[in-house]
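Undergrad: Structure in structure tokens, see below.
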Amino acid sequence: MVDQAQIDALRHLPVPPKGHLIDGVVCAAENGRTLDVISPLNGSVLTTIAAGTRADADRAVASARAAFEDGRWRRMPPQQRKKIMLKWADLIDKEALELAVLGIRDNGTEIGMALRAEPGSASGTLRYYAECIDKLYGEIAPTASEFLGLVHHEPVGVVAAIVPWNFPLMIGTWKLGPALAVGNSVVMKPSEMASLTLLRIAELALEAGMPPGVFNVVTGEGAEVGAALAESMDVDVIVFTGSGGTGRRLLQASAASNLKRCYLELGGKSANIVFADAPNLKDAAKVSAAGIFRNSGQVCVAGSRLLVERSIHDAFVEELAKAASAMKIGDPLDLGTGAGAINNAAQLDRNLEFVATAQAEGGKVVQGGKRILAETGGYFMEPTIVTNVAPGHTLAQNEVFGPVLAVTAFDTEEDAVRLANSTEFGLAGGVWTSDLSRAHRMIHAMRTGVVHVNTYGGPDVTVPMGGTKQSGNGHDKSLHAFDKFMNLKTAWIKL
Ligand code: NAD
């Protein structure tokens with residue numbers, strides 16, 4: 001158990017300027033430029049990171065390629081690779097609190113969530129994939145007896161992983177775990193809004209014995225470093241989590257370069273559907289509030305659209321508002337905080353603009369809607385509930401990625417399905433009902449990658465996580481994640 005004094009001892013530690021980690025060496029950007037890291041807790045400069053250039057990205061790719069070609073990692077005995085990855089997970093656990101606090105100062109997530117979802121989830125994910133290393137077998141095909149057909153699974157080569165700012169360690173290790181376990185080399189491009197913890201775990205990988213060049217981190221802006229990776233002729237696979245706009249650019253860059261495979265995990269506008277026969281409406285309201293307001297709504301699967309059966313609409317919204325107003329918003333390093341800061345000033349402005357547009361289009365703000373704690377210099381916003389949102393409204397169709405819930409009433413199950421599927425997204429959703437048959441009907445009817453029933457959020461690494469429609473095409477987590485990082489090779493032998 002962590003106590004407040006342990007957190008407070010870390011919260012003001014100076015953070016030295018950070019460089020890239022390329023070929024096992026910490027280095028500055030080729031032109032010496034840096035980017036300020038602004039802490040969302042108070043708006044002040046926490047430290048700097050290297051403002052990577054195309055040349056830096058190319059150097060990291062060359063380092064990853066060299067590591068892959070000489071086999072220093074992929075040809076290492078599987079048990080040895082496994083040992084190193086397990087040791088890496090242990091080192092992350094040992095430093096969990098330091099990593100969580102550093103990450104919070106960089107991205108604003110509340111401490112309870114950060115401890116669980118960042119270092120805690122990262123080490124668990126690395127262990128899960130490390131344990132698989134010596135359990136992956138090839139195949140012998142059922143051919144005619146004069147032939148032998150072998151199916152090998154080979155690492156693809158150089159993987160570029162581009163990740164967002166909301167959960168850098170959790171999402172980062174969803175890519176790193178399976179990619180590294182099967183012997184690839186990786187160049188990671190963290191968000192310029194949250195790079196510090198990924199840089200630190202890359203150092204820990206070296207300490208655990210991972211050879212230099214196998215896991216490189218290049219920091220900087222997406223349009224520079226990310227674009228260079230996407231356009232590279234020497235990157236074999238891109239795994240990406242972020243916005244749809246960037247996802248589209250990656251596909252274009254792939255088409256214009258070497259047709260590298262792109263796996264995209266994009267945004268969502270997930271419908272959380274509450275029927276009048278939900279088992280316990282109070283619990284449903286509490287869990288639904290957490291499902292949109294935790295991490296200030298900066299969660300890709302957040303239940304950001306509440307579809308609620310008309311007969312319980314008013315009572316349910318009232319419960320939800322109670323749960324939202326009971327949530328303490330503020331200092332994310334305080335153990336009592338329910339939701340921390342918005343990651344950056346531009347995102348805060350964007351959230352507020354969505355609220356203003358929703359009101360202009362006829363939505364009614366029944367809870368929150370404003371920036372708070374501005375005197376701290378930090379970026380904090382009230383959990384916000386907007387009712388009367390029609391399916392065509394801006395707030396019903398667009399991802400806010402903030403603590404703003406759109407509420408729409410429905411009358412029938414068919415109505416609920418039609419509304420749920422009425423956006424371009426298909427990431428996640430929720431259904432609250434006591435009727436088992438209805439729950440199964442809804443699971444099949446909802447065009448999403450994940451459906452929660454009588455709960456919202458929380459599945460672990462054993463199940464896939466990913467979307468359909470314009471929420472993307474690549475699944476993270478579970479054994480299915482390996483498919484992205486391996487090529488199939490057939491050997492056909494005449495006996
Ligand atoms: P973003 O697309 O702006 O940035 C994501 C990453 O892409 C960052 O590292 C950024 O530097 C990089 N990037 C930006 N422009 C680029 C370019 N032209 N070429 C290459 N790389 C570029 O997204 P964000 O604002 O960091 O994250 C929020 C988005 O991520 C939301 O839409 C959210 O739903 C989505 N998200 C999805 C999931 C999921 O699993 N589906 C999880 C978390 C976040």
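Please note that chains go A, B, ... in the order of the structure tokens, that every chain numbers its residues from 1, and that ligands are numbered from 1 in the order shown.
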Taking only C-alpha atoms and all ligand atoms into account, which residues are within 6 Å of ligand 1, as a list of chain:residue names?

TA: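 My answer, listing the contacting residues, is A:Ile162, A:Val163, A:Pro164, A:Trp165, A:Lys189, A:Pro190, A:Ser191, A:Glu192, A:Glu221, A:Gly222, A:Ala223, A:Gly226, A:Ala227, A:Thr241, A:Gly242, A:Ser243, A:Thr246, A:Arg249, A:Glu265, A:Leu266, A:Gly267, A:Gly268, A:Val299, A:Cys300.
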
Undergrad: Tell me, which residues of stretch 368-488 of chain A carry DSSP helix (DSSP H, G or I), written as a PDB file with N, CA and C atoms, in the first residue's frame?

TA:
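That gives us part.pdb:
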ATOM      1  N   ALA A 374      -8.406  27.081 -11.705  1.00  0.00           N
ATOM      2  CA  ALA A 374      -7.530  27.800 -12.638  1.00  0.00           C
ATOM      3  C   ALA A 374      -6.389  28.477 -11.878  1.00  0.00           C
ATOM      4  N   GLU A 375      -6.650  28.833 -10.598  1.00  0.00           N
ATOM      5  CA  GLU A 375      -5.627  29.532  -9.802  1.00  0.00           C
ATOM      6  C   GLU A 375      -4.379  28.676  -9.591  1.00  0.00           C
ATOM      7  N   THR A 376      -4.487  27.349  -9.766  1.00  0.00           N
ATOM      8  CA  THR A 376      -3.319  26.473  -9.610  1.00  0.00           C
ATOM      9  C   THR A 376      -2.421  26.527 -10.848  1.00  0.00           C
ATOM     10  N   THR A 394     -23.409  17.465 -32.553  1.00  0.00           N
ATOM     11  CA  THR A 394     -21.946  17.362 -32.552  1.00  0.00           C
ATOM     12  C   THR A 394     -21.469  16.464 -31.407  1.00  0.00           C
ATOM     13  N   LEU A 395     -22.091  16.634 -30.234  1.00  0.00           N
ATOM     14  CA  LEU A 395     -21.637  15.883 -29.060  1.00  0.00           C
ATOM     15  C   LEU A 395     -21.987  14.390 -29.157  1.00  0.00           C
ATOM     16  N   ALA A 396     -22.961  14.047 -29.979  1.00  0.00           N
ATOM     17  CA  ALA A 396     -23.318  12.629 -30.132  1.00  0.00           C
ATOM     18  C   ALA A 396     -22.398  11.932 -31.138  1.00  0.00           C
ATOM     19  N   GLN A 397     -21.756  12.713 -31.986  1.00  0.00           N
ATOM     20  CA  GLN A 397     -21.024  12.114 -33.105  1.00  0.00           C
ATOM     21  C   GLN A 397     -19.505  12.193 -32.981  1.00  0.00           C
ATOM     22  N   GLU A 413     -35.698  -1.478 -27.411  1.00  0.00           N
ATOM     23  CA  GLU A 413     -34.384  -2.101 -27.628  1.00  0.00           C
ATOM     24  C   GLU A 413     -33.860  -1.779 -29.038  1.00  0.00           C
ATOM     25  N   GLU A 414     -34.746  -1.822 -30.027  1.00  0.00           N
ATOM     26  CA  GLU A 414     -34.345  -1.541 -31.424  1.00  0.00           C
ATOM     27  C   GLU A 414     -33.811  -0.117 -31.529  1.00  0.00           C
ATOM     28  N   ASP A 415     -34.508   0.778 -30.842  1.00  0.00           N
ATOM     29  CA  ASP A 415     -34.104   2.176 -30.786  1.00  0.00           C
ATOM     30  C   ASP A 415     -32.679   2.301 -30.227  1.00  0.00           C
ATOM     31  N   ALA A 416     -32.440   1.572 -29.138  1.00  0.00           N
ATOM     32  CA  ALA A 416     -31.132   1.633 -28.471  1.00  0.00           C
ATOM     33  C   ALA A 416     -30.035   1.135 -29.414  1.00  0.00           C
ATOM     34  N   VAL A 417     -30.305   0.045 -30.129  1.00  0.00           N
ATOM     35  CA  VAL A 417     -29.308  -0.509 -31.054  1.00  0.00           C
ATOM     36  C   VAL A 417     -29.022   0.494 -32.170  1.00  0.00           C
ATOM     37  N   ARG A 418     -30.101   1.062 -32.721  1.00  0.00           N
ATOM     38  CA  ARG A 418     -29.939   2.018 -33.830  1.00  0.00           C
ATOM     39  C   ARG A 418     -29.090   3.210 -33.368  1.00  0.00           C
ATOM     40  N   LEU A 419     -29.387   3.743 -32.188  1.00  0.00           N
ATOM     41  CA  LEU A 419     -28.612   4.886 -31.682  1.00  0.00           C
ATOM     42  C   LEU A 419     -27.164   4.489 -31.409  1.00  0.00           C
ATOM     43  N   ALA A 420     -26.999   3.317 -30.797  1.00  0.00           N
ATOM     44  CA  ALA A 420     -25.638   2.882 -30.436  1.00  0.00           C
ATOM     45  C   ALA A 420     -24.757   2.788 -31.671  1.00  0.00           C
ATOM     46  N   LEU A 436     -30.928 -11.887 -19.515  1.00  0.00           N
ATOM     47  CA  LEU A 436     -29.756 -12.520 -20.130  1.00  0.00           C
ATOM     48  C   LEU A 436     -29.887 -12.609 -21.651  1.00  0.00           C
ATOM     49  N   SER A 437     -31.109 -12.903 -22.114  1.00  0.00           N
ATOM     50  CA  SER A 437     -31.314 -13.014 -23.566  1.00  0.00           C
ATOM     51  C   SER A 437     -31.075 -11.660 -24.222  1.00  0.00           C
ATOM     52  N   ARG A 438     -31.589 -10.619 -23.595  1.00  0.00           N
ATOM     53  CA  ARG A 438     -31.374  -9.280 -24.148  1.00  0.00           C
ATOM     54  C   ARG A 438     -29.877  -8.943 -24.162  1.00  0.00           C
ATOM     55  N   ALA A 439     -29.175  -9.308 -23.097  1.00  0.00           N
ATOM     56  CA  ALA A 439     -27.734  -9.011 -23.039  1.00  0.00           C
ATOM     57  C   ALA A 439     -27.036  -9.653 -24.243  1.00  0.00           C
ATOM     58  N   HIS A 440     -27.374 -10.922 -24.532  1.00  0.00           N
ATOM     59  CA  HIS A 440     -26.735 -11.595 -25.672  1.00  0.00           C
ATOM     60  C   HIS A 440     -27.150 -10.960 -26.999  1.00  0.00           C
ATOM     61  N   ARG A 441     -28.416 -10.591 -27.107  1.00  0.00           N
ATOM     62  CA  ARG A 441     -28.862  -9.936 -28.357  1.00  0.00           C
ATOM     63  C   ARG A 441     -28.076  -8.646 -28.561  1.00  0.00           C
ATOM     64  N   MET A 442     -27.890  -7.898 -27.486  1.00  0.00           N
ATOM     65  CA  MET A 442     -27.190  -6.611 -27.595  1.00  0.00           C
ATOM     66  C   MET A 442     -25.710  -6.806 -27.948  1.00  0.00           C
ATOM     67  N   ILE A 443     -25.093  -7.833 -27.347  1.00  0.00           N
ATOM     68  CA  ILE A 443     -23.674  -8.093 -27.649  1.00  0.00           C
ATOM     69  C   ILE A 443     -23.505  -8.282 -29.160  1.00  0.00           C
ATOM     70  N   HIS A 444     -24.441  -9.029 -29.756  1.00  0.00           N
ATOM     71  CA  HIS A 444     -24.318  -9.275 -31.196  1.00  0.00           C
ATOM     72  C   HIS A 444     -24.722  -8.061 -32.033  1.00  0.00           C
ATOM     73  N   ALA A 445     -25.662  -7.283 -31.528  1.00  0.00           N
ATOM     74  CA  ALA A 445     -26.174  -6.168 -32.339  1.00  0.00           C
ATOM     75  C   ALA A 445     -25.242  -4.955 -32.338  1.00  0.00           C
ATOM     76  N   LYS A 469     -15.067  -0.584 -37.506  1.00  0.00           N
ATOM     77  CA  LYS A 469     -15.407   0.668 -38.199  1.00  0.00           C
ATOM     78  C   LYS A 469     -14.214   1.643 -38.117  1.00  0.00           C
ATOM     79  N   GLN A 470     -14.491   2.921 -37.876  1.00  0.00           N
ATOM     80  CA  GLN A 470     -13.370   3.878 -37.889  1.00  0.00           C
ATOM     81  C   GLN A 470     -12.672   3.987 -36.538  1.00  0.00           C
ATOM     82  N   SER A 471     -12.905   3.004 -35.673  1.00  0.00           N
ATOM     83  CA  SER A 471     -12.102   2.932 -34.443  1.00  0.00           C
ATOM     84  C   SER A 471     -10.855   2.094 -34.652  1.00  0.00           C
ATOM     85  N   LEU A 479      -3.370 -13.300 -26.753  1.00  0.00           N
ATOM     86  CA  LEU A 479      -2.454 -14.002 -27.662  1.00  0.00           C
ATOM     87  C   LEU A 479      -2.650 -13.539 -29.101  1.00  0.00           C
ATOM     88  N   HIS A 480      -3.834 -12.975 -29.423  1.00  0.00           N
ATOM     89  CA  HIS A 480      -4.074 -12.498 -30.792  1.00  0.00           C
ATOM     90  C   HIS A 480      -3.104 -11.385 -31.173  1.00  0.00           C
ATOM     91  N   ALA A 481      -2.569 -10.673 -30.195  1.00  0.00           N
ATOM     92  CA  ALA A 481      -1.674  -9.550 -30.510  1.00  0.00           C
ATOM     93  C   ALA A 481      -0.417 -10.023 -31.229  1.00  0.00           C
ATOM     94  N   PHE A 482      -0.036 -11.278 -31.043  1.00  0.00           N
ATOM     95  CA  PHE A 482       1.187 -11.768 -31.703  1.00  0.00           C
ATOM     96  C   PHE A 482       1.088 -11.691 -33.224  1.00  0.00           C
ATOM     97  N   ASP A 483      -0.125 -11.875 -33.757  1.00  0.00           N
ATOM     98  CA  ASP A 483      -0.277 -11.937 -35.220  1.00  0.00           C
ATOM     99  C   ASP A 483       0.294 -10.707 -35.916  1.00  0.00           C
ATOM    100  N   LYS A 484       0.229  -9.556 -35.234  1.00  0.00           N
ATOM    101  CA  LYS A 484       0.702  -8.317 -35.862  1.00  0.00           C
ATOM    102  C   LYS A 484       2.213  -8.308 -36.044  1.00  0.00           C
ATOM    103  N   PHE A 485       2.892  -9.102 -35.228  1.00  0.00           N
ATOM    104  CA  PHE A 485       4.357  -8.981 -35.168  1.00  0.00           C
ATOM    105  C   PHE A 485       5.091 -10.189 -35.747  1.00  0.00           C
TER     106      PHE A 485
END

Undergrad: If we count only C-alpha atoms, what is near stretch 64-71 of chain A at a cut-off of 6 Å, once residues fewer than 5 positions away on the same chain are taken out, given as a short mmCIF file (atom, residue, chain, number, x, y, z; two decimals) with all heavy atoms, in the first residue's frame?

TA:
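Result file follows (out_38.cif):
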data_model
loop_
_atom_site.label_atom_id
_atom_site.label_comp_id
_atom_site.auth_asym_id
_atom_site.auth_seq_id
_atom_site.Cartn_x
_atom_site.Cartn_y
_atom_site.Cartn_z
N SER A 185 12.76 -5.86 -33.34
CA SER A 185 13.33 -4.65 -32.74
C SER A 185 12.27 -3.56 -32.84
O SER A 185 11.46 -3.57 -33.76
CB SER A 185 14.56 -4.18 -33.51
OG SER A 185 15.53 -5.18 -33.54
N GLY A 213 19.87 -1.27 -28.97
CA GLY A 213 19.34 -1.25 -30.34
C GLY A 213 18.04 -2.02 -30.50
O GLY A 213 17.34 -1.85 -31.50
N VAL A 214 17.70 -2.86 -29.52
CA VAL A 214 16.48 -3.67 -29.65
C VAL A 214 15.24 -2.83 -29.34
O VAL A 214 14.21 -2.95 -29.98
CB VAL A 214 16.56 -4.90 -28.72
CG1 VAL A 214 15.25 -5.67 -28.70
CG2 VAL A 214 17.71 -5.80 -29.16
#

Undergrad: Using only C-alpha atoms, determine which residues lie at most 9 Å from A:Gly103, disregarding the query and same-chain residues fewer than 6 positions distant; provide the list as a list of chain:residue names.

TA: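 Selected residues are A:Thr109, A:Ala114, A:Glu118, A:Phe167, A:Pro168, A:Leu169, A:Ala194, A:Ser195, A:Leu196, A:Thr197.
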
Undergrad: Fewer than 2 positions away in the same chain doesn't count, so skip those; otherwise give me all residues within 9 Å of A:Arg371, counting only C-alpha atoms, as a PyMOL selection string.

TA: chain A and resi 348+352+368-369+373-374+379-382

Undergrad: For A:Gly362, list every protein, DNA or RNA residue within 8 Å, evaluated using only C-alpha atoms, and leave out those in the same chain fewer than 2 positions away; present the list as a count of residues only.

TA: 6

Undergrad: List the neighbours of A:Gly52 out to 7 Å using only C-alpha atoms; skip same-chain residues closer than 4 positions along the sequence, and give me the result as an NGL selection string.

TA: :A and (29 or 56 or 218-220 or 225)

Undergrad: Which residue, A:Val287, A:Val461, A:Ala341, A:Ile238, has the smallest gap to A:Leu264 when you use only C-alpha atoms?

TA: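 Nearest to A:Leu264: A:Ile238.
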
Undergrad: Nearest to A:Gly392 among A:Met486, A:Gly363, A:Ile171, A:Asn343, with distances taken over only C-alpha atoms: which residue is it?

TA: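 That would be A:Gly363, the residue with the smallest distance to A:Gly392.
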
Undergrad: Determine which residues of stretch 200-423 of chain A DSSP labels as strand (DSSP E or B) from the backbone of this structure, then write them out as a PyMOL selection string.

TA: chain A and resi 215-217+237-241+261-265+271-274+305-309+329+339+364-367+371-372+380-381+384-387+404-410
